[in-house]
Each structure stands twice: as C-alpha cells, then as structure tokens.
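All remarks here apply to the structure that follows.
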Amino acid sequence: MTTPLIKITNVNKTYKGVSGDVVALKDVTLEIEENEFVAIVGPSGCGKTTLLNILAGLETYDSGTVTFADEPIIGPGIDRGVIFQQYALFPWLTVRKNMEFGLKYRGHSKEKQKQITDHYMDIVGLTEFANLYPKELSGGMKQRVAIARGYATSPKVLLMDEPFGALDAQTRAQLQEDLLKTWETERKTIFFITHDVEEAVLLSQRVVIMSARPGRVKDMVKVDLPYPRNQQTKILPRFNEIKNNIWANVYQEYLSIKK
Ligand SMILES: Nc1ncnc2c1ncn2[C@@H]1O[C@H](COP(=O)(O)OP(=O)(O)OP(=O)(O)O)[C@@H](O)[C@H]1O
Ligand SMILES: [Mg+2]
C-alpha cells in the first residue's frame, strides 16, 4: 500500500459571521491516491469549494488534519494547481504567453517553455490560437487554455472547481474529452468538483458524495468503467447503473435541504 497523496482527517470548518455561524464541514475524512481522478458531488452549499480551498491552502480549518505528501498544508504551493469556473487568464497576455507564464516562474529556459507549451496546446487543440488574446477566445477555448496551463505547470494535483459549469453542453462535452485524453496520457491527481453526476461518472475513478450542509462525506462510489472513455461511454448500461445510483443518493440530499 502506498500512502495517499492527500489525507484529510476529521476536518471541521465553521465560518463565523455577523448573522450567525455556518458549519461548512463536519468531520470530513477523505484520502486520495497519487494519480487518482476523484470527483466530488453534493448539493449547493455543502462545502465542496471550502474543501477545495483548504486543499489549495487558500482557506484555514478549525480542527483535524490535512496533509499533502505527508506534509501539513499550510498555504498555497506550486505542487497544487487550481482551475476555477471563471477562466483565470491574464487578459494582457496571448494564449502562448499565458501558458508560458507559470513555466517562466518555475525557472524553465525559454526553449523549454516553448516545448512544454507546444506539447499541451497540441493535446487540447489550441495550437492555431496561440497568438490570440483571451478576449478573442470563446468561453470554452479560455477554459481549454486553463486546463492546458494547469497541466503544463505540472503540479502534483489539479484542484478543479466546476471548471465546465459555465459552458454550453457541446463545449462542455468537448472539454470533458480533452481532460480525459490529457489524464489518460499523462495521469495526475485530480480533485474535480461538479454539480453534474453524469460528468462525475464519465470522468472519474471514484465519486465522493457529500451530504447537505454541514458537509460530510456521505458515500463513495468506485466507477469501474474502463478508460479510455469518451461521450460514447455514456451509453454503456454500467454507466447508467452507476449514474442512477449516485443520482438517487444525491437527490436525497437535495430533498433534505428543501424540507
Ligand atoms: N467566506 C465565507 N464566509 C462565510 N460563509 C461562507 C464563506 N464561504 C462559504 N461560506 C458558506 O459555507 C457553506 C459552504 O460553502 P461552499 O462554497 O463551500 O459550498 P459549495 O458546496 O461549494 O456550494 P456550491 O455548489 O453552491 O458552489 C455555505 O453555506 C456558504 O454560504
Ligand atoms: Mg462551490
């Protein structure tokens, strides 16, 4: 047994506010292996983003432990890359320069920056757009740059918070396939938050279901579908079986909020 890359043990987090306290996470325990693709689903407000921010080192927690490669997480680090729903690109830099920025920061030579950037632009089909600025790109293309940049800077884990949430269905399908292709060829530990159970099953090896607030880990489901996967995977009976089981589970949580 290898030790998990990420180990979250009995983590509690309460936001203190003027109109009362909000318990966002209650006794959350979760382990993630190196190169594992894990999806997190759960109703709105159940603490998914809070958990991601804790892993990113952008948020504190009240008790419990969170370790990354056996070291406590005490702040952001280049070993953990974050991809948000909004495309966090530098508007004054071209696609290529956006990609190269993080590589430069990591001390790569100009030649190496170009080589790595070309490689990832090719994988996600951005090569012909290398010299465009973010304002000249569609939402899907911007998010594609964010994914390619996330991989290019080669963190040990990619933390993704509903990265495709703002995209139309067709673009979303394309980006899911881009991400699958990238992960299938180069692996990486991915922590992927989504509202969409179908997306979680299509992409991940394991789906973590969180309960309604206060967020706990309610259940975990292994997705035993082979890779490579693509949109066709959705027609497999096993895909639908897993999806429906998870959906029923998550739906109970939605109902519990409505009560
Ligand atoms: N900075 C903050 N200050 C106070 N309360 C917060 C803060 N951030 C989040 N919360 C509260 O903590 C709870 C969990 O929020 P969080 O953003 O982690 O949920 P989420 O699962 O990501 O929701 P969504 O699916 O809508 O993105 C919510 O009730 C939210 O209002
Ligand atoms: Mg969120």
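Every chain in the structure tokens takes a letter, A first, then B, and so on in the order presented; its residues are numbered from 1, and the ligands are numbered from 1 following the presented order.
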Counting only C-alpha atoms and all ligand atoms, which residues in chain A sit no more than 7 Å from ligand 2? For each one, give the nearest pair of atoms and the distance in Å, sorted by chain then residue number, as a tab-separated table.
residue	atom	partner	partner_atom_place_in_ligand_line	distance
A:Ser44	CA	ligand 2	1 (Mg)	6.9
A:Gly45	CA	ligand 2	1 (Mg)	6.9
A:Gly47	CA	ligand 2	1 (Mg)	7.0
A:Lys48	CA	ligand 2	1 (Mg)	5.5
A:Thr49	CA	ligand 2	1 (Mg)	4.1
A:Asp161	CA	ligand 2	1 (Mg)	6.7
Grab the residues selected above and save them as an mmCIF file, in the first residue's frame with N, CA and C atoms.
data_model
loop_
_atom_site.group_PDB
_atom_site.id
_atom_site.type_symbol
_atom_site.label_atom_id
_atom_site.label_comp_id
_atom_site.auth_asym_id
_atom_site.auth_seq_id
_atom_site.Cartn_x
_atom_site.Cartn_y
_atom_site.Cartn_z
ATOM 1 N N SER A 44 -25.675 22.264 -3.420
ATOM 2 C CA SER A 44 -25.097 23.588 -3.286
ATOM 3 C C SER A 44 -24.956 23.954 -1.802
ATOM 4 N N GLY A 45 -23.824 24.501 -1.447
ATOM 5 C CA GLY A 45 -23.618 24.950 -0.079
ATOM 6 C C GLY A 45 -23.144 23.851 0.868
ATOM 7 N N GLY A 47 -20.210 22.576 1.046
ATOM 8 C CA GLY A 47 -18.820 22.733 1.468
ATOM 9 C C GLY A 47 -17.775 22.234 0.484
ATOM 10 N N LYS A 48 -18.168 21.997 -0.756
ATOM 11 C CA LYS A 48 -17.211 21.482 -1.744
ATOM 12 C C LYS A 48 -16.077 22.475 -1.996
ATOM 13 N N THR A 49 -16.480 23.724 -2.257
ATOM 14 C CA THR A 49 -15.461 24.743 -2.538
ATOM 15 C C THR A 49 -14.599 24.997 -1.306
ATOM 16 N N ASP A 161 -12.674 23.370 -9.654
ATOM 17 C CA ASP A 161 -13.957 23.717 -9.045
ATOM 18 C C ASP A 161 -14.980 24.039 -10.130
#
> ligand 1: which residues are within 7 Å, counting only C-alpha atoms and all ligand atoms, as a list in words?
Replying inline: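 Selection of residues at most 7 Å from ligand 1: Tyr15, Lys16, Gly17, Val22, Val23, Ala24, Gly42, Pro43, Ser44, Gly45, Cys46, Gly47, Lys48, Thr49, Thr50, Leu51, His195 and Arg213 of chain A.
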>> Give me the residues near Leu158 in chain A as a list in words, where near means some atom within 6 Å (using only C-alpha atoms) and where sequence neighbours in that chain fewer than 2 positions away do not count.
In response: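 Result of the neighbour search: Gly81, Val82 and Ile190 of chain A.
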Go through range 41-93 of chain A residue by residue and, counting only C-alpha atoms, keep those with an atom at most 7 Å from range 135-156 of chain A; for each kept residue give the shortest atom pair and its distance in Å to one decimal, ordered by chain and increasing number, as a tab-separated table.
residue	atom	partner	partner_atom	distance
A:Ile78	CA	A:Pro155	CA	6.0
A:Asp79	CA	A:Pro155	CA	4.3
A:Arg80	CA	A:Pro155	CA	5.3
A:Gly81	CA	A:Pro155	CA	5.7
A:Ile83	CA	A:Ala146	CA	6.7
A:Tyr87	CA	A:Gln143	CA	5.6
A:Pro91	CA	A:Lys135	CA	6.9
> Using only C-alpha atoms, which of A:Phe68, A:Val41, A:Leu52, A:Ser109 sits nearest Trp247 in chain A?
Replying inline: A:Val41
> If you run DSSP on this backbone, which residues of range 88-175 of chain A come out as alpha helix (DSSP H), and could you give them as an MDAnalysis selection string?
Replying inline: chainID A and resid 95:105 110:123 139:152 169:175
For the selection just defined, write its residues with N, CA and C atoms to a file, as a CSV table (one decimal), in the first residue's frame.
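So selection-v9.csv came out as:
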chain,number,residue,atom,x,y,z
A,95,VAL,N,-2.5,33.5,-25.6
A,95,VAL,CA,-2.6,32.1,-25.2
A,95,VAL,C,-1.2,31.6,-24.8
A,96,ARG,N,-0.3,31.7,-25.8
A,96,ARG,CA,1.0,31.2,-25.6
A,96,ARG,C,1.7,31.8,-24.3
A,97,LYS,N,1.6,33.1,-24.2
A,97,LYS,CA,2.2,33.8,-23.0
A,97,LYS,C,1.5,33.4,-21.7
A,98,ASN,N,0.2,33.2,-21.8
A,98,ASN,CA,-0.5,32.7,-20.6
A,98,ASN,C,0.1,31.4,-20.2
A,99,MET,N,0.3,30.5,-21.2
A,99,MET,CA,0.8,29.2,-20.9
A,99,MET,C,2.2,29.3,-20.3
A,100,GLU,N,3.0,30.1,-20.9
A,100,GLU,CA,4.5,30.2,-20.6
A,100,GLU,C,4.7,30.9,-19.2
A,101,PHE,N,3.7,31.7,-18.8
A,101,PHE,CA,3.9,32.5,-17.6
A,101,PHE,C,4.4,31.6,-16.4
A,102,GLY,N,3.6,30.6,-16.1
A,102,GLY,CA,3.9,29.8,-14.9
A,102,GLY,C,5.2,29.0,-15.1
A,103,LEU,N,5.5,28.7,-16.4
A,103,LEU,CA,6.7,27.9,-16.6
A,103,LEU,C,8.0,28.8,-16.4
A,104,LYS,N,7.8,30.1,-16.8
A,104,LYS,CA,8.9,31.0,-16.5
A,104,LYS,C,9.1,31.2,-15.0
A,105,TYR,N,8.0,31.3,-14.3
A,105,TYR,CA,8.0,31.5,-12.9
A,105,TYR,C,8.7,30.3,-12.2
A,110,LYS,N,13.7,29.5,-21.9
A,110,LYS,CA,12.8,29.9,-23.0
A,110,LYS,C,12.4,28.7,-23.9
A,111,GLU,N,13.5,28.0,-24.2
A,111,GLU,CA,13.3,26.8,-25.1
A,111,GLU,C,12.4,25.8,-24.5
A,112,LYS,N,12.6,25.5,-23.2
A,112,LYS,CA,11.8,24.5,-22.5
A,112,LYS,C,10.3,25.0,-22.4
A,113,GLN,N,10.2,26.3,-22.1
A,113,GLN,CA,8.8,26.9,-22.0
A,113,GLN,C,8.1,26.7,-23.3
A,114,LYS,N,8.8,26.9,-24.4
A,114,LYS,CA,8.1,26.7,-25.7
A,114,LYS,C,7.8,25.3,-26.0
A,115,GLN,N,8.7,24.4,-25.6
A,115,GLN,CA,8.5,23.0,-25.9
A,115,GLN,C,7.3,22.4,-25.1
A,116,ILE,N,7.2,22.8,-23.8
A,116,ILE,CA,6.1,22.3,-23.0
A,116,ILE,C,4.8,22.9,-23.4
A,117,THR,N,4.8,24.2,-23.7
A,117,THR,CA,3.6,24.9,-24.2
A,117,THR,C,3.1,24.3,-25.5
A,118,ASP,N,4.0,24.1,-26.4
A,118,ASP,CA,3.6,23.5,-27.7
A,118,ASP,C,2.9,22.1,-27.5
A,119,HIS,N,3.5,21.3,-26.6
A,119,HIS,CA,3.0,20.0,-26.3
A,119,HIS,C,1.6,20.0,-25.8
A,120,TYR,N,1.3,20.8,-24.8
A,120,TYR,CA,0.0,20.8,-24.2
A,120,TYR,C,-1.0,21.6,-25.1
A,121,MET,N,-0.6,22.6,-25.9
A,121,MET,CA,-1.5,23.3,-26.8
A,121,MET,C,-1.9,22.3,-27.8
A,122,ASP,N,-1.0,21.4,-28.2
A,122,ASP,CA,-1.4,20.4,-29.2
A,122,ASP,C,-2.4,19.4,-28.7
A,123,ILE,N,-2.2,18.9,-27.5
A,123,ILE,CA,-3.1,18.0,-26.9
A,123,ILE,C,-4.6,18.5,-26.8
A,139,GLY,N,-15.6,31.1,-24.4
A,139,GLY,CA,-15.5,30.6,-23.0
A,139,GLY,C,-14.8,29.2,-23.0
A,140,GLY,N,-15.3,28.4,-23.9
A,140,GLY,CA,-14.7,27.0,-24.0
A,140,GLY,C,-13.2,27.0,-24.3
A,141,MET,N,-12.8,27.9,-25.2
A,141,MET,CA,-11.4,28.0,-25.5
A,141,MET,C,-10.6,28.5,-24.4
A,142,LYS,N,-11.1,29.5,-23.7
A,142,LYS,CA,-10.4,30.0,-22.5
A,142,LYS,C,-10.2,28.9,-21.4
A,143,GLN,N,-11.3,28.1,-21.2
A,143,GLN,CA,-11.1,27.1,-20.2
A,143,GLN,C,-10.2,26.0,-20.7
A,144,ARG,N,-10.1,25.8,-22.0
A,144,ARG,CA,-9.1,24.9,-22.6
A,144,ARG,C,-7.7,25.3,-22.3
A,145,VAL,N,-7.5,26.7,-22.4
A,145,VAL,CA,-6.2,27.2,-22.1
A,145,VAL,C,-5.9,27.0,-20.6
A,146,ALA,N,-6.9,27.2,-19.7
A,146,ALA,CA,-6.7,27.0,-18.3
A,146,ALA,C,-6.3,25.5,-18.0
A,147,ILE,N,-6.9,24.6,-18.7
A,147,ILE,CA,-6.6,23.2,-18.4
A,147,ILE,C,-5.2,22.9,-18.9
A,148,ALA,N,-4.9,23.3,-20.2
A,148,ALA,CA,-3.5,23.1,-20.7
A,148,ALA,C,-2.5,23.7,-19.8
A,149,ARG,N,-2.8,24.9,-19.3
A,149,ARG,CA,-1.8,25.6,-18.5
A,149,ARG,C,-1.7,24.9,-17.2
A,150,GLY,N,-2.8,24.3,-16.7
A,150,GLY,CA,-2.8,23.6,-15.4
A,150,GLY,C,-1.8,22.4,-15.6
A,151,TYR,N,-1.9,21.7,-16.7
A,151,TYR,CA,-1.1,20.5,-16.9
A,151,TYR,C,0.4,20.9,-17.1
A,152,ALA,N,0.5,22.0,-17.9
A,152,ALA,CA,1.9,22.4,-18.3
A,152,ALA,C,2.8,22.7,-17.1
A,169,ALA,N,-23.6,22.8,-23.4
A,169,ALA,CA,-23.5,21.3,-23.4
A,169,ALA,C,-22.4,20.8,-24.4
A,170,GLN,N,-22.4,21.4,-25.6
A,170,GLN,CA,-21.5,20.8,-26.6
A,170,GLN,C,-20.0,21.1,-26.3
A,171,THR,N,-19.8,22.3,-25.8
A,171,THR,CA,-18.4,22.7,-25.5
A,171,THR,C,-18.0,21.9,-24.3
A,172,ARG,N,-18.9,21.8,-23.3
A,172,ARG,CA,-18.6,21.0,-22.2
A,172,ARG,C,-18.2,19.6,-22.5
A,173,ALA,N,-18.9,19.0,-23.4
A,173,ALA,CA,-18.6,17.6,-23.9
A,173,ALA,C,-17.2,17.5,-24.5
A,174,GLN,N,-16.8,18.6,-25.2
A,174,GLN,CA,-15.5,18.6,-25.8
A,174,GLN,C,-14.4,18.7,-24.8
A,175,LEU,N,-14.7,19.6,-23.8
A,175,LEU,CA,-13.7,19.8,-22.8
A,175,LEU,C,-13.5,18.6,-21.9
> Quick one: DSSP strand (DSSP E or B) residues in range 12-256 of chain A, as a PyMOL selection string?
Replying inline: chain A and resi 12-17+20-32+37-41+63-68+71-72+80-83+157-161+189-193+206-210+215+217-222
